[in-house]
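In what follows, a single structure is set out as structure tokens and then discussed.
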Amino acid sequence: MGLSRRSVLAGTASAAILGGSGARGQAAQFTYKYANNLPVAHPMNTRAQEAVAKIKQESGGRLDIQIFPNNQLGSDTDVLSQLRSGGVEFFTLSPLILSTLVPNASVSGIGFAFPDYASVWKAMDGELGTYVRGQIAKSGIVAMEKIWDNGFRQITTSNKPIQNAADLKGVKLRVPVSPLWTSMFKAFDAAPASINFAEVYTALQTKIVDGQENPLAIISTAKLFEVQKYLSVTNHMWDGFWFLANRRAWERLPDDLRAIAEKNLNEAGMNERADVEKLNAGLRQELAAKGMTINETQPDSFRDALRKAGFYAEWKGKYGEETWAILEKAVGAKLG
Ligand code: X2X
């Protein structure tokens with residue numbers, strides 16, 4: 001199968017033209033980097049590997065996306081800068097960390113907004129997701145249509161279980177670098193410390209912080225159970241990963257390559273959602289077997305603490321009425 005002359009000429013690099021006519025043996029026209037912050041064992045990386053293999057094959061070798069997992073290219077904060085400058089072409093990032101660049105992107109991370117996965121996907125594949133992608137587009141970054149899953153977040157600690165909101169008082173807790181995360185845990189009266197995921201294992205191991213919060217799939221694949229004792233099931237917020245592209249790099253791709261990339265990345269995202277949901281539902285036994293002590297919590301005490309601290313009112317004010325209305329419509333409930 002040869003490349004059509006038109007598609008070869010549509011690219012900016014000439015290496016493929018010099019490389020001969022066989023697609024397989026040819027140097028790629030576009031070699032792009034995709035960076036992420038998760039271990040290779042996480043479904044984000046296994047599904048991304050499948051996607052880039054399909055993209056390479058379906059593009060006849062013209063688009064070669066190389067994956068740099070596990071913060072290899074730097075912490076999230078660093079890689080977001082690299083994505084903006086074009087040093088990295090693709091990056092998956094939590095909407096909350098992205099809010100350091102696109103303020104209203106964090107709206108999907110409001111505490112206890114989503115009761116379950118069904119409501120998450122309805123919102124993120126619907127009006128709320130469209131709204132956020134529109135906001136992202138204004139910043140020179142393109143978000144693929146399907147957001148990938150991180151999951152509902154749970155709290156782990158080394159020193160005591162968290163049974164209710166009062167137990168969080170004064171707890172030194174690592175949170176990702178994002179104003180919404182810091183605000184939420186300040187509302188709980190905890191002592192949040194902003195630390196990129198690249199440093200989390202070490203920060204827990206050396207007891208710079210007592211705890212952190214993440215979905216079970218990450219607690220398991222990043223082996224946080226090795227440095228944490230208690231797992232408190234709080235489901236305090238849902239988190240995902242927008243699959244982002246540097247806009248100039250994205251638009252440099254000819255239409256056919258962009259279509260191939262988009263289709264396969266979105267499909268991989270859907271498969272990753274299914275994998276992560278299954279993992280998050282089934283990992284408790286495994287984490288207990290690794291020595292974690294697991295406790296349930298009542299969401300009401302946490303939700304009430306946020307309400308009393310003025311958390312919902314504060315963020316409604318920051319996002320504005322219009323954005324807040326899109327969130328409330330998406331979840332079908334008044335928040336706060
Ligand atoms: O930094 C985290 O805790 C992580 C891995 O969940 C995110 O990317 C937000």
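Lettering and numbering for the structure tokens are positional, with chains as A, B, ... in the shown order, residues counted from 1 in each chain, and ligands counted from 1 in the shown order.
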
For chain A versus ligand 1, which residues have an atom no more than 10 Å away, and what is each residue's nearest atom pair and distance in Å rounded to one decimal, using only C-alpha atoms and all ligand atoms, chain-then-number order, as JSON lines?
{"residue": "A:Asn36", "atom": "CA", "partner": "ligand 1", "partner_atom_place_in_ligand_line": "8 (O)", "distance": 8.5}
{"residue": "A:Asn37", "atom": "CA", "partner": "ligand 1", "partner_atom_place_in_ligand_line": "5 (C)", "distance": 6.3}
{"residue": "A:Leu38", "atom": "CA", "partner": "ligand 1", "partner_atom_place_in_ligand_line": "5 (C)", "distance": 6.4}
{"residue": "A:Pro39", "atom": "CA", "partner": "ligand 1", "partner_atom_place_in_ligand_line": "5 (C)", "distance": 9.5}
{"residue": "A:Asn70", "atom": "CA", "partner": "ligand 1", "partner_atom_place_in_ligand_line": "5 (C)", "distance": 9.7}
{"residue": "A:Ser75", "atom": "CA", "partner": "ligand 1", "partner_atom_place_in_ligand_line": "1 (O)", "distance": 9.4}
{"residue": "A:Asp76", "atom": "CA", "partner": "ligand 1", "partner_atom_place_in_ligand_line": "8 (O)", "distance": 7.7}
{"residue": "A:Thr92", "atom": "CA", "partner": "ligand 1", "partner_atom_place_in_ligand_line": "8 (O)", "distance": 8.3}
{"residue": "A:Leu93", "atom": "CA", "partner": "ligand 1", "partner_atom_place_in_ligand_line": "8 (O)", "distance": 6.1}
{"residue": "A:Ser94", "atom": "CA", "partner": "ligand 1", "partner_atom_place_in_ligand_line": "9 (C)", "distance": 5.0}
{"residue": "A:Pro95", "atom": "CA", "partner": "ligand 1", "partner_atom_place_in_ligand_line": "9 (C)", "distance": 8.1}
{"residue": "A:Leu96", "atom": "CA", "partner": "ligand 1", "partner_atom_place_in_ligand_line": "9 (C)", "distance": 7.3}
{"residue": "A:Ile97", "atom": "CA", "partner": "ligand 1", "partner_atom_place_in_ligand_line": "9 (C)", "distance": 6.9}
{"residue": "A:Leu98", "atom": "CA", "partner": "ligand 1", "partner_atom_place_in_ligand_line": "9 (C)", "distance": 9.7}
{"residue": "A:Asn150", "atom": "CA", "partner": "ligand 1", "partner_atom_place_in_ligand_line": "6 (O)", "distance": 6.6}
{"residue": "A:Gly151", "atom": "CA", "partner": "ligand 1", "partner_atom_place_in_ligand_line": "6 (O)", "distance": 8.5}
{"residue": "A:Phe152", "atom": "CA", "partner": "ligand 1", "partner_atom_place_in_ligand_line": "6 (O)", "distance": 9.8}
{"residue": "A:Arg153", "atom": "CA", "partner": "ligand 1", "partner_atom_place_in_ligand_line": "6 (O)", "distance": 8.1}
{"residue": "A:Arg174", "atom": "CA", "partner": "ligand 1", "partner_atom_place_in_ligand_line": "3 (O)", "distance": 8.4}
{"residue": "A:Val175", "atom": "CA", "partner": "ligand 1", "partner_atom_place_in_ligand_line": "3 (O)", "distance": 6.7}
{"residue": "A:Pro176", "atom": "CA", "partner": "ligand 1", "partner_atom_place_in_ligand_line": "1 (O)", "distance": 4.9}
{"residue": "A:Val177", "atom": "CA", "partner": "ligand 1", "partner_atom_place_in_ligand_line": "1 (O)", "distance": 7.8}
{"residue": "A:Ser178", "atom": "CA", "partner": "ligand 1", "partner_atom_place_in_ligand_line": "9 (C)", "distance": 9.2}
{"residue": "A:Trp181", "atom": "CA", "partner": "ligand 1", "partner_atom_place_in_ligand_line": "9 (C)", "distance": 9.8}
{"residue": "A:Ser194", "atom": "CA", "partner": "ligand 1", "partner_atom_place_in_ligand_line": "1 (O)", "distance": 9.6}
{"residue": "A:Ile195", "atom": "CA", "partner": "ligand 1", "partner_atom_place_in_ligand_line": "1 (O)", "distance": 7.9}
{"residue": "A:Asn196", "atom": "CA", "partner": "ligand 1", "partner_atom_place_in_ligand_line": "1 (O)", "distance": 5.9}
{"residue": "A:Phe197", "atom": "CA", "partner": "ligand 1", "partner_atom_place_in_ligand_line": "1 (O)", "distance": 4.1}
{"residue": "A:Ala198", "atom": "CA", "partner": "ligand 1", "partner_atom_place_in_ligand_line": "1 (O)", "distance": 7.8}
{"residue": "A:Glu199", "atom": "CA", "partner": "ligand 1", "partner_atom_place_in_ligand_line": "1 (O)", "distance": 9.3}
{"residue": "A:Val200", "atom": "CA", "partner": "ligand 1", "partner_atom_place_in_ligand_line": "1 (O)", "distance": 7.9}
{"residue": "A:Gln212", "atom": "CA", "partner": "ligand 1", "partner_atom_place_in_ligand_line": "3 (O)", "distance": 7.8}
{"residue": "A:Glu213", "atom": "CA", "partner": "ligand 1", "partner_atom_place_in_ligand_line": "3 (O)", "distance": 6.7}
{"residue": "A:Asn214", "atom": "CA", "partner": "ligand 1", "partner_atom_place_in_ligand_line": "6 (O)", "distance": 5.4}
{"residue": "A:Pro215", "atom": "CA", "partner": "ligand 1", "partner_atom_place_in_ligand_line": "6 (O)", "distance": 7.1}
{"residue": "A:Ala217", "atom": "CA", "partner": "ligand 1", "partner_atom_place_in_ligand_line": "6 (O)", "distance": 9.7}
{"residue": "A:Ile218", "atom": "CA", "partner": "ligand 1", "partner_atom_place_in_ligand_line": "5 (C)", "distance": 6.9}
{"residue": "A:Ile219", "atom": "CA", "partner": "ligand 1", "partner_atom_place_in_ligand_line": "6 (O)", "distance": 9.3}
{"residue": "A:Ala222", "atom": "CA", "partner": "ligand 1", "partner_atom_place_in_ligand_line": "5 (C)", "distance": 9.1}
{"residue": "A:Asp239", "atom": "CA", "partner": "ligand 1", "partner_atom_place_in_ligand_line": "9 (C)", "distance": 7.0}
{"residue": "A:Gly240", "atom": "CA", "partner": "ligand 1", "partner_atom_place_in_ligand_line": "9 (C)", "distance": 7.7}
{"residue": "A:Phe241", "atom": "CA", "partner": "ligand 1", "partner_atom_place_in_ligand_line": "8 (O)", "distance": 7.3}

Identify, with DSSP run on backbone atoms, the residues in segment 175-220 of chain A assigned to helix (DSSP H, G or I), and express the list as a ChimeraX atom specification. /A:179-187,197-205,216-220

Leaving out segment 282-296 of chain A and any residue of its chain fewer than 5 positions from it, which residues lie within 10 Å of it when counting only C-alpha atoms, given as a PDB file with N, CA, C and O atoms, in the first residue's frame?
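Output (around.pdb):
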ATOM      1  N   THR A 156      -6.028   8.769  51.335  1.00  0.00           N
ATOM      2  CA  THR A 156      -5.171   7.828  52.069  1.00  0.00           C
ATOM      3  C   THR A 156      -4.305   8.609  53.049  1.00  0.00           C
ATOM      4  O   THR A 156      -3.973   9.765  52.815  1.00  0.00           O
ATOM      5  N   THR A 157      -3.958   7.964  54.149  1.00  0.00           N
ATOM      6  CA  THR A 157      -3.088   8.597  55.149  1.00  0.00           C
ATOM      7  C   THR A 157      -2.165   7.540  55.753  1.00  0.00           C
ATOM      8  O   THR A 157      -2.416   6.338  55.638  1.00  0.00           O
ATOM      9  N   SER A 158      -1.132   8.026  56.403  1.00  0.00           N
ATOM     10  CA  SER A 158      -0.210   7.099  57.070  1.00  0.00           C
ATOM     11  C   SER A 158      -0.517   6.978  58.554  1.00  0.00           C
ATOM     12  O   SER A 158      -0.069   6.047  59.215  1.00  0.00           O
ATOM     13  N   LYS A 160      -3.833   7.968  60.443  1.00  0.00           N
ATOM     14  CA  LYS A 160      -5.165   7.724  61.025  1.00  0.00           C
ATOM     15  C   LYS A 160      -6.221   7.676  59.928  1.00  0.00           C
ATOM     16  O   LYS A 160      -6.082   8.332  58.898  1.00  0.00           O
ATOM     17  N   PRO A 161      -7.277   6.916  60.147  1.00  0.00           N
ATOM     18  CA  PRO A 161      -8.336   6.901  59.136  1.00  0.00           C
ATOM     19  C   PRO A 161      -9.146   8.196  59.164  1.00  0.00           C
ATOM     20  O   PRO A 161      -9.241   8.831  60.215  1.00  0.00           O
ATOM     21  N   ILE A 162      -9.683   8.567  58.033  1.00  0.00           N
ATOM     22  CA  ILE A 162     -10.560   9.745  57.954  1.00  0.00           C
ATOM     23  C   ILE A 162     -11.997   9.220  57.900  1.00  0.00           C
ATOM     24  O   ILE A 162     -12.420   8.657  56.894  1.00  0.00           O
ATOM     25  N   GLN A 163     -12.717   9.385  58.997  1.00  0.00           N
ATOM     26  CA  GLN A 163     -14.096   8.874  59.060  1.00  0.00           C
ATOM     27  C   GLN A 163     -15.104   9.946  58.681  1.00  0.00           C
ATOM     28  O   GLN A 163     -16.177   9.649  58.184  1.00  0.00           O
ATOM     29  N   ASN A 164     -14.768  11.189  58.980  1.00  0.00           N
ATOM     30  CA  ASN A 164     -15.680  12.296  58.664  1.00  0.00           C
ATOM     31  C   ASN A 164     -14.847  13.557  58.459  1.00  0.00           C
ATOM     32  O   ASN A 164     -13.624  13.529  58.624  1.00  0.00           O
ATOM     33  N   LEU A 216      -8.529   4.688  43.241  1.00  0.00           N
ATOM     34  CA  LEU A 216      -7.869   3.416  43.573  1.00  0.00           C
ATOM     35  C   LEU A 216      -6.906   2.948  42.484  1.00  0.00           C
ATOM     36  O   LEU A 216      -5.854   2.375  42.792  1.00  0.00           O
ATOM     37  N   ALA A 217      -7.238   3.176  41.225  1.00  0.00           N
ATOM     38  CA  ALA A 217      -6.370   2.702  40.137  1.00  0.00           C
ATOM     39  C   ALA A 217      -4.969   3.313  40.257  1.00  0.00           C
ATOM     40  O   ALA A 217      -3.971   2.681  39.894  1.00  0.00           O
ATOM     41  N   ILE A 219      -3.713   4.596  43.303  1.00  0.00           N
ATOM     42  CA  ILE A 219      -3.149   4.116  44.573  1.00  0.00           C
ATOM     43  C   ILE A 219      -2.484   2.757  44.339  1.00  0.00           C
ATOM     44  O   ILE A 219      -1.419   2.462  44.876  1.00  0.00           O
ATOM     45  N   SER A 220      -3.106   1.964  43.456  1.00  0.00           N
ATOM     46  CA  SER A 220      -2.560   0.646  43.142  1.00  0.00           C
ATOM     47  C   SER A 220      -1.375   0.716  42.164  1.00  0.00           C
ATOM     48  O   SER A 220      -0.286   0.236  42.489  1.00  0.00           O
ATOM     49  N   LYS A 223       1.681   2.373  43.391  1.00  0.00           N
ATOM     50  CA  LYS A 223       2.148   1.697  44.608  1.00  0.00           C
ATOM     51  C   LYS A 223       2.151   2.599  45.844  1.00  0.00           C
ATOM     52  O   LYS A 223       3.018   2.486  46.725  1.00  0.00           O
ATOM     53  N   LEU A 224       1.160   3.473  45.919  1.00  0.00           N
ATOM     54  CA  LEU A 224       1.081   4.352  47.086  1.00  0.00           C
ATOM     55  C   LEU A 224       0.763   3.564  48.353  1.00  0.00           C
ATOM     56  O   LEU A 224       1.037   4.024  49.460  1.00  0.00           O
ATOM     57  N   PHE A 225       0.222   2.349  48.173  1.00  0.00           N
ATOM     58  CA  PHE A 225      -0.067   1.498  49.350  1.00  0.00           C
ATOM     59  C   PHE A 225       1.213   1.149  50.103  1.00  0.00           C
ATOM     60  O   PHE A 225       1.164   0.813  51.279  1.00  0.00           O
ATOM     61  N   GLU A 226       2.356   1.238  49.445  1.00  0.00           N
ATOM     62  CA  GLU A 226       3.624   0.950  50.128  1.00  0.00           C
ATOM     63  C   GLU A 226       3.973   1.996  51.180  1.00  0.00           C
ATOM     64  O   GLU A 226       4.729   1.725  52.111  1.00  0.00           O
ATOM     65  N   VAL A 227       3.432   3.201  51.003  1.00  0.00           N
ATOM     66  CA  VAL A 227       3.798   4.310  51.894  1.00  0.00           C
ATOM     67  C   VAL A 227       2.578   4.938  52.579  1.00  0.00           C
ATOM     68  O   VAL A 227       2.676   6.025  53.147  1.00  0.00           O
ATOM     69  N   GLN A 228       1.433   4.251  52.496  1.00  0.00           N
ATOM     70  CA  GLN A 228       0.211   4.720  53.148  1.00  0.00           C
ATOM     71  C   GLN A 228      -0.469   3.544  53.835  1.00  0.00           C
ATOM     72  O   GLN A 228      -0.426   2.408  53.328  1.00  0.00           O
ATOM     73  N   LYS A 229      -1.127   3.821  54.963  1.00  0.00           N
ATOM     74  CA  LYS A 229      -1.762   2.745  55.725  1.00  0.00           C
ATOM     75  C   LYS A 229      -3.280   2.736  55.582  1.00  0.00           C
ATOM     76  O   LYS A 229      -3.886   1.683  55.390  1.00  0.00           O
ATOM     77  N   TYR A 230      -3.903   3.895  55.695  1.00  0.00           N
ATOM     78  CA  TYR A 230      -5.364   3.963  55.719  1.00  0.00           C
ATOM     79  C   TYR A 230      -5.919   4.433  54.387  1.00  0.00           C
ATOM     80  O   TYR A 230      -5.392   5.358  53.780  1.00  0.00           O
ATOM     81  N   LEU A 231      -6.993   3.781  53.982  1.00  0.00           N
ATOM     82  CA  LEU A 231      -7.717   4.191  52.770  1.00  0.00           C
ATOM     83  C   LEU A 231      -9.144   4.508  53.175  1.00  0.00           C
ATOM     84  O   LEU A 231      -9.879   3.632  53.640  1.00  0.00           O
ATOM     85  N   SER A 232      -9.502   5.780  53.064  1.00  0.00           N
ATOM     86  CA  SER A 232     -10.843   6.223  53.461  1.00  0.00           C
ATOM     87  C   SER A 232     -11.637   6.537  52.197  1.00  0.00           C
ATOM     88  O   SER A 232     -11.252   7.408  51.407  1.00  0.00           O
ATOM     89  N   VAL A 233     -12.732   5.808  52.028  1.00  0.00           N
ATOM     90  CA  VAL A 233     -13.506   5.912  50.787  1.00  0.00           C
ATOM     91  C   VAL A 233     -14.438   7.113  50.882  1.00  0.00           C
ATOM     92  O   VAL A 233     -15.498   7.043  51.503  1.00  0.00           O
ATOM     93  N   THR A 234     -14.003   8.217  50.319  1.00  0.00           N
ATOM     94  CA  THR A 234     -14.757   9.476  50.420  1.00  0.00           C
ATOM     95  C   THR A 234     -15.462   9.840  49.116  1.00  0.00           C
ATOM     96  O   THR A 234     -16.435  10.590  49.158  1.00  0.00           O
ATOM     97  N   ASN A 235     -14.964   9.362  47.992  1.00  0.00           N
ATOM     98  CA  ASN A 235     -15.533   9.753  46.682  1.00  0.00           C
ATOM     99  C   ASN A 235     -15.763  11.265  46.621  1.00  0.00           C
ATOM    100  O   ASN A 235     -16.792  11.714  46.127  1.00  0.00           O
ATOM    101  N   VAL A 276     -10.768   1.656  33.777  1.00  0.00           N
ATOM    102  CA  VAL A 276     -10.557   2.322  35.066  1.00  0.00           C
ATOM    103  C   VAL A 276     -11.761   2.120  35.973  1.00  0.00           C
ATOM    104  O   VAL A 276     -11.614   1.858  37.176  1.00  0.00           O
ATOM    105  N   GLU A 277     -12.958   2.190  35.389  1.00  0.00           N
ATOM    106  CA  GLU A 277     -14.159   1.989  36.211  1.00  0.00           C
ATOM    107  C   GLU A 277     -14.120   0.594  36.840  1.00  0.00           C
ATOM    108  O   GLU A 277     -14.404   0.409  38.019  1.00  0.00           O
TER     109      GLU A 277
END

I'd like to know which of A:Val88, A:Gly74, A:Gln154, A:Ala48 is closest to Trp238 of chain A, using only C-alpha atoms. A:Gln154

So that I can check the secondary structure, give me every residue of segment 147-322 of chain A assigned strand (DSSP E or B) by backbone DSSP, as an NGL selection string. :A and (148-152 or 154-157 or 172-175 or 191-194 or 211-214 or 230-233 or 238-246 or 293-296)

Tell me which of A:Trp148, A:Ala187, A:Gly211, A:Pro254 sits closest to Pro43 of chain A, counting only C-alpha atoms.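 Using only C-alpha atoms, the shortest distance to Pro43 of chain A belongs to A:Trp148.
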
Surrounding residues of Val79 of chain A excluding itself and chain neighbours under 6 positions, 8 Å, only C-alpha atoms, as a ChimeraX atom specification: /A:35,73,88,91

Just to be explicit: take each residue in the selection above, keep N, CA and C atoms, and write the result as a JSON list (two decimals), in the first residue's frame.
[["chain", "number", "residue", "atom", "x", "y", "z"],
["A", 35, "ALA", "N", 3.10, 13.11, 26.40],
["A", 35, "ALA", "CA", 3.59, 12.98, 27.77],
["A", 35, "ALA", "C", 2.42, 12.76, 28.73],
["A", 73, "LEU", "N", 9.11, 13.51, 31.06],
["A", 73, "LEU", "CA", 9.48, 14.81, 30.48],
["A", 73, "LEU", "C", 9.34, 15.96, 31.47],
["A", 88, "VAL", "N", 6.21, 19.73, 23.49],
["A", 88, "VAL", "CA", 5.46, 18.47, 23.58],
["A", 88, "VAL", "C", 4.18, 18.70, 22.79],
["A", 91, "PHE", "N", -0.58, 15.82, 25.55],
["A", 91, "PHE", "CA", -0.44, 15.72, 27.01],
["A", 91, "PHE", "C", -1.82, 15.41, 27.58]]

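Restricting the calculation to only C-alpha atoms, the smallest distance between Phe185 of chain A and any of A:Lys169, A:Asp64, A:Pro299, A:Thr46 is found for A:Lys169.
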
So, with only C-alpha atoms as the atoms that count, which of A:Pro103, A:Gly269, A:Gly332, A:Gly87 lies closest to Ser119 of chain A?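 When distances to Ser119 of chain A are compared using only C-alpha atoms, the smallest one comes from A:Gly332.
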
Distance atom CA of Phe302 of chain A-atom CA of Val209 of chain A, one decimal place?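 Pair atom CA of Phe302 of chain A / atom CA of Val209 of chain A returns 20.9 Å.
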
So how many Å separate atom CA of Leu83 of chain A and atom CA of Ile110 of chain A, to one decimal?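 Going from atom CA of Leu83 of chain A over to atom CA of Ile110 of chain A, I get 25.3 Å.
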